[in-house]
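Note: the block below is my_file28.pdb and it holds PDB, C-alpha atoms, pLDDT in the B column.
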```pdb
ATOM      1  CA  MET A 802      52.873 -70.601 -25.070  1.00 60.00           C
ATOM      2  CA  THR A 803      50.060 -71.353 -22.654  1.00 74.00           C
ATOM      3  CA  GLY A 804      46.795 -69.494 -23.108  1.00 92.00           C
ATOM      4  CA  LEU A 805      45.145 -67.445 -20.398  1.00 94.00           C
ATOM      5  CA  ARG A 806      42.285 -69.907 -20.007  1.00 94.00           C
ATOM      6  CA  GLU A 807      44.656 -72.839 -19.465  1.00 95.00           C
ATOM      7  CA  LEU A 808      46.712 -70.812 -16.992  1.00 95.00           C
ATOM      8  CA  GLN A 809      43.572 -69.962 -15.007  1.00 96.00           C
ATOM      9  CA  ARG A 810      42.510 -73.618 -15.070  1.00 96.00           C
ATOM     10  CA  ARG A 811      45.885 -74.671 -13.657  1.00 95.00           C
ATOM     11  CA  ARG A 812      45.661 -72.037 -10.932  1.00 96.00           C
ATOM     12  CA  VAL A 813      42.211 -73.195  -9.853  1.00 97.00           C
ATOM     13  CA  HIS A 814      43.303 -76.847  -9.936  1.00 96.00           C
ATOM     14  CA  GLU A 815      46.340 -76.066  -7.762  1.00 95.00           C
ATOM     15  CA  ALA A 816      44.310 -73.901  -5.341  1.00 97.00           C
ATOM     16  CA  ILE A 817      41.803 -76.703  -4.793  1.00 97.00           C
ATOM     17  CA  SER A 818      44.544 -79.292  -4.411  1.00 95.00           C
ATOM     18  CA  ALA A 819      46.566 -77.190  -1.973  1.00 95.00           C
ATOM     19  CA  ALA A 820      43.501 -76.395   0.149  1.00 96.00           C
ATOM     20  CA  ALA A 821      42.513 -80.061   0.290  1.00 96.00           C
ATOM     21  CA  VAL A 822      45.957 -81.323   1.242  1.00 93.00           C
ATOM     22  CA  SER A 823      46.342 -78.666   3.911  1.00 94.00           C
ATOM     23  CA  LEU A 824      42.973 -79.473   5.481  1.00 96.00           C
ATOM     24  CA  PHE A 825      43.531 -83.240   5.236  1.00 94.00           C
ATOM     25  CA  LEU A 826      46.892 -82.952   6.986  1.00 93.00           C
ATOM     26  CA  GLU A 827      45.380 -80.769   9.680  1.00 96.00           C
ATOM     27  CA  ARG A 828      42.269 -82.808  10.490  1.00 96.00           C
ATOM     28  CA  GLY A 829      42.257 -86.013   8.453  1.00 95.00           C
ATOM     29  CA  PHE A 830      40.528 -87.038   5.244  1.00 95.00           C
ATOM     30  CA  ASP A 831      37.210 -88.136   6.773  1.00 96.00           C
ATOM     31  CA  ALA A 832      36.871 -85.024   8.958  1.00 97.00           C
ATOM     32  CA  VAL A 833      36.982 -82.521   6.093  1.00 97.00           C
ATOM     33  CA  PRO A 834      33.813 -81.970   4.037  1.00 97.00           C
ATOM     34  CA  VAL A 835      34.102 -81.103   0.361  1.00 97.00           C
ATOM     35  CA  THR A 836      32.212 -77.846   0.941  1.00 97.00           C
ATOM     36  CA  GLU A 837      34.978 -76.699   3.287  1.00 98.00           C
ATOM     37  CA  ILE A 838      37.672 -77.515   0.730  1.00 97.00           C
ATOM     38  CA  ALA A 839      35.774 -75.553  -1.922  1.00 98.00           C
ATOM     39  CA  ALA A 840      35.384 -72.575   0.402  1.00 98.00           C
ATOM     40  CA  ALA A 841      39.075 -72.630   1.347  1.00 98.00           C
ATOM     41  CA  ALA A 842      40.014 -72.671  -2.350  1.00 97.00           C
ATOM     42  CA  GLY A 843      37.571 -69.874  -3.177  1.00 97.00           C
ATOM     43  CA  VAL A 844      35.431 -71.954  -5.527  1.00 98.00           C
ATOM     44  CA  SER A 845      31.960 -73.464  -5.463  1.00 97.00           C
ATOM     45  CA  LYS A 846      31.297 -77.125  -4.763  1.00 97.00           C
ATOM     46  CA  PRO A 847      30.238 -77.768  -8.390  1.00 97.00           C
ATOM     47  CA  THR A 848      33.482 -76.168  -9.576  1.00 97.00           C
ATOM     48  CA  LEU A 849      35.490 -78.407  -7.257  1.00 97.00           C
ATOM     49  CA  PHE A 850      33.767 -81.477  -8.708  1.00 97.00           C
ATOM     50  CA  LYS A 851      34.491 -80.218 -12.236  1.00 97.00           C
ATOM     51  CA  TYR A 852      38.203 -80.507 -11.442  1.00 96.00           C
ATOM     52  CA  PHE A 853      38.042 -83.512  -9.092  1.00 96.00           C
ATOM     53  CA  PRO A 854      35.051 -85.830  -9.723  1.00 96.00           C
ATOM     54  CA  ALA A 855      35.347 -87.492  -6.274  1.00 96.00           C
ATOM     55  CA  LYS A 856      36.799 -86.495  -2.922  1.00 95.00           C
ATOM     56  CA  GLU A 857      39.323 -89.331  -3.207  1.00 93.00           C
ATOM     57  CA  ASP A 858      40.686 -87.768  -6.404  1.00 94.00           C
ATOM     58  CA  LEU A 859      41.973 -84.865  -4.304  1.00 93.00           C
ATOM     59  CA  VAL A 860      44.489 -87.281  -2.791  1.00 88.00           C
ATOM     60  CA  LEU A 861      45.034 -89.715  -5.644  1.00 86.00           C
ATOM     61  CA  HIS A 862      46.171 -87.108  -8.155  1.00 75.00           C
ATOM     62  CA  ARG A 863      49.045 -86.143  -5.830  1.00 69.00           C
ATOM     63  CA  ILE A 864      50.190 -89.752  -5.744  1.00 66.00           C
ATOM     64  CA  ALA A 865      49.969 -89.969  -9.536  1.00 54.00           C
ATOM     65  CA  ASP A 866      52.164 -86.857  -9.821  1.00 56.00           C
ATOM     66  CA  HIS A 867      54.996 -88.758  -8.112  1.00 47.00           C
ATOM     67  CA  GLN A 868      54.763 -92.202  -9.709  1.00 49.00           C
ATOM     68  CA  GLU A 869      57.990 -91.773 -11.635  1.00 56.00           C
ATOM     69  CA  GLU A 870      60.008 -90.716  -8.568  1.00 47.00           C
ATOM     70  CA  SER A 871      60.332 -94.205  -7.112  1.00 47.00           C
ATOM     71  CA  ALA A 872      61.933 -95.357 -10.362  1.00 48.00           C
ATOM     72  CA  ARG A 873      64.469 -92.512 -10.205  1.00 45.00           C
ATOM     73  CA  VAL A 874      65.360 -93.177  -6.564  1.00 42.00           C
TER      74      VAL A 874
END
```
Represent the supplied structure as structure tokens.
Amino acid sequence: MTGLRELQRRRVHEAISAAAVSLFLERGFDAVPVTEIAAAAGVSKPTLFKYFPAKEDLVLHRIADHQEESARV
């Protein structure tokens, strides 16, 4: 069973990730500042960097989530 703290951490992680991907698709990676991603996710900039140490990590973790799919296909 997952604890409440871990569940909240997953929710925040997913909210940041979803906000970043949405904004990147809309305007492009270079055109979206980290402060805007944080605001869209409802977190502070320091909180965003706690979950994703660099802006690039917002994209790279999504790729890592799907590494095994190419082997299945």
Exercise. Nearest to Val813 in chain A: which of A:Pro834, A:Gly829, A:Gly843, A:Pro854 is it, counting only C-alpha atoms?
Worked result: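 So, comparing all the options, the nearest one is A:Gly843.
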Exercise. Restricting the calculation to only C-alpha atoms, which member of A:Ala819, A:Val844, A:Ala832, A:Leu826 is positioned closest to His862 in chain A?
Worked result: A:Ala819
Problem set entry | Residues matched by the PyMOL selection byres ((chain A and resi 836) around 12) as a list of chain:residue names | A:Ile817, A:Ala820, A:Ala821, A:Leu824, A:Ala832, A:Val833, A:Pro834, A:Val835, A:Glu837, A:Ile838, A:Ala839, A:Ala840, A:Ala841, A:Ala842, A:Gly843, A:Val844, A:Ser845, A:Lys846, A:Pro847, A:Thr848, A:Leu849, A:Phe850, A:Lys856
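Picture a line from CA of Arg828 in chain A to CA of Ala855 in chain A; it runs 18.7 Å.
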Exercise. To one decimal place, how far is CA of Thr803 in chain A from CA of Ser823 in chain A in Å?
Worked result: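 For CA of Thr803 in chain A relative to CA of Ser823 in chain A, the distance reads 27.8 Å.
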For this session: Could you tell me how far CA of Val860 in chain A lies from CA of Gly804 in chain A, in Å and to one decimal?
Result: 27.1 Å
Let me have the centre and edge lengths in Å, one decimal, of the box along x, y and z around every listed atom of range 808-824 of chain A with 4 Å of margin on each side, as JSON.
```
{"center_x": 44.3, "center_y": -75.6, "center_z": -5.8, "size_x": 12.9, "size_y": 19.4, "size_z": 30.5}
```
Write a file for range 807-832 of chain A, containing N, CA and C atoms (output as a compact mmCIF listing (two decimals), in the first residue's frame).
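Saved file out-v8.txt follows:
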```
# COMPACT_ATOMS: atom_id res chain seq x y z
N GLU A 807 3.82 9.58 -0.42
CA GLU A 807 4.26 9.10 -1.74
C GLU A 807 3.21 9.38 -2.80
N LEU A 808 1.95 9.23 -2.47
CA LEU A 808 0.88 9.53 -3.41
C LEU A 808 0.89 11.01 -3.79
N GLN A 809 1.07 11.88 -2.81
CA GLN A 809 1.15 13.32 -3.08
C GLN A 809 2.36 13.65 -3.94
N ARG A 810 3.48 13.00 -3.66
CA ARG A 810 4.69 13.21 -4.46
C ARG A 810 4.46 12.82 -5.91
N ARG A 811 3.81 11.71 -6.13
CA ARG A 811 3.50 11.27 -7.51
C ARG A 811 2.58 12.25 -8.21
N ARG A 812 1.61 12.76 -7.47
CA ARG A 812 0.66 13.73 -8.06
C ARG A 812 1.37 15.01 -8.49
N VAL A 813 2.25 15.50 -7.64
CA VAL A 813 3.00 16.72 -7.96
C VAL A 813 3.92 16.47 -9.16
N HIS A 814 4.60 15.34 -9.15
CA HIS A 814 5.49 14.97 -10.26
C HIS A 814 4.71 14.95 -11.57
N GLU A 815 3.55 14.30 -11.57
CA GLU A 815 2.74 14.19 -12.78
C GLU A 815 2.18 15.55 -13.20
N ALA A 816 1.78 16.38 -12.24
CA ALA A 816 1.25 17.71 -12.57
C ALA A 816 2.32 18.57 -13.25
N ILE A 817 3.53 18.52 -12.73
CA ILE A 817 4.63 19.28 -13.34
C ILE A 817 4.93 18.74 -14.73
N SER A 818 5.01 17.45 -14.86
CA SER A 818 5.31 16.82 -16.14
C SER A 818 4.24 17.15 -17.18
N ALA A 819 2.99 17.01 -16.80
CA ALA A 819 1.89 17.28 -17.73
C ALA A 819 1.87 18.74 -18.17
N ALA A 820 2.09 19.65 -17.23
CA ALA A 820 2.13 21.08 -17.57
C ALA A 820 3.27 21.38 -18.53
N ALA A 821 4.43 20.81 -18.27
CA ALA A 821 5.59 21.04 -19.13
C ALA A 821 5.35 20.52 -20.54
N VAL A 822 4.89 19.30 -20.65
CA VAL A 822 4.67 18.72 -21.98
C VAL A 822 3.63 19.52 -22.75
N SER A 823 2.57 19.90 -22.10
CA SER A 823 1.53 20.68 -22.75
C SER A 823 2.07 22.02 -23.28
N LEU A 824 2.82 22.71 -22.44
CA LEU A 824 3.39 24.00 -22.86
C LEU A 824 4.45 23.82 -23.95
N PHE A 825 5.27 22.78 -23.85
CA PHE A 825 6.29 22.53 -24.87
C PHE A 825 5.64 22.23 -26.22
N LEU A 826 4.59 21.44 -26.21
CA LEU A 826 3.90 21.12 -27.47
C LEU A 826 3.24 22.35 -28.08
N GLU A 827 2.75 23.21 -27.22
CA GLU A 827 2.07 24.43 -27.68
C GLU A 827 3.03 25.46 -28.27
N ARG A 828 4.17 25.68 -27.58
CA ARG A 828 5.05 26.79 -27.98
C ARG A 828 6.50 26.41 -28.25
N GLY A 829 6.89 25.20 -27.92
CA GLY A 829 8.27 24.79 -28.12
C GLY A 829 9.08 24.88 -26.84
N PHE A 830 10.07 24.02 -26.74
CA PHE A 830 10.88 23.90 -25.53
C PHE A 830 11.55 25.21 -25.14
N ASP A 831 12.21 25.86 -26.09
CA ASP A 831 12.98 27.08 -25.79
C ASP A 831 12.09 28.28 -25.45
N ALA A 832 10.84 28.26 -25.86
CA ALA A 832 9.95 29.41 -25.65
C ALA A 832 9.22 29.38 -24.31
```
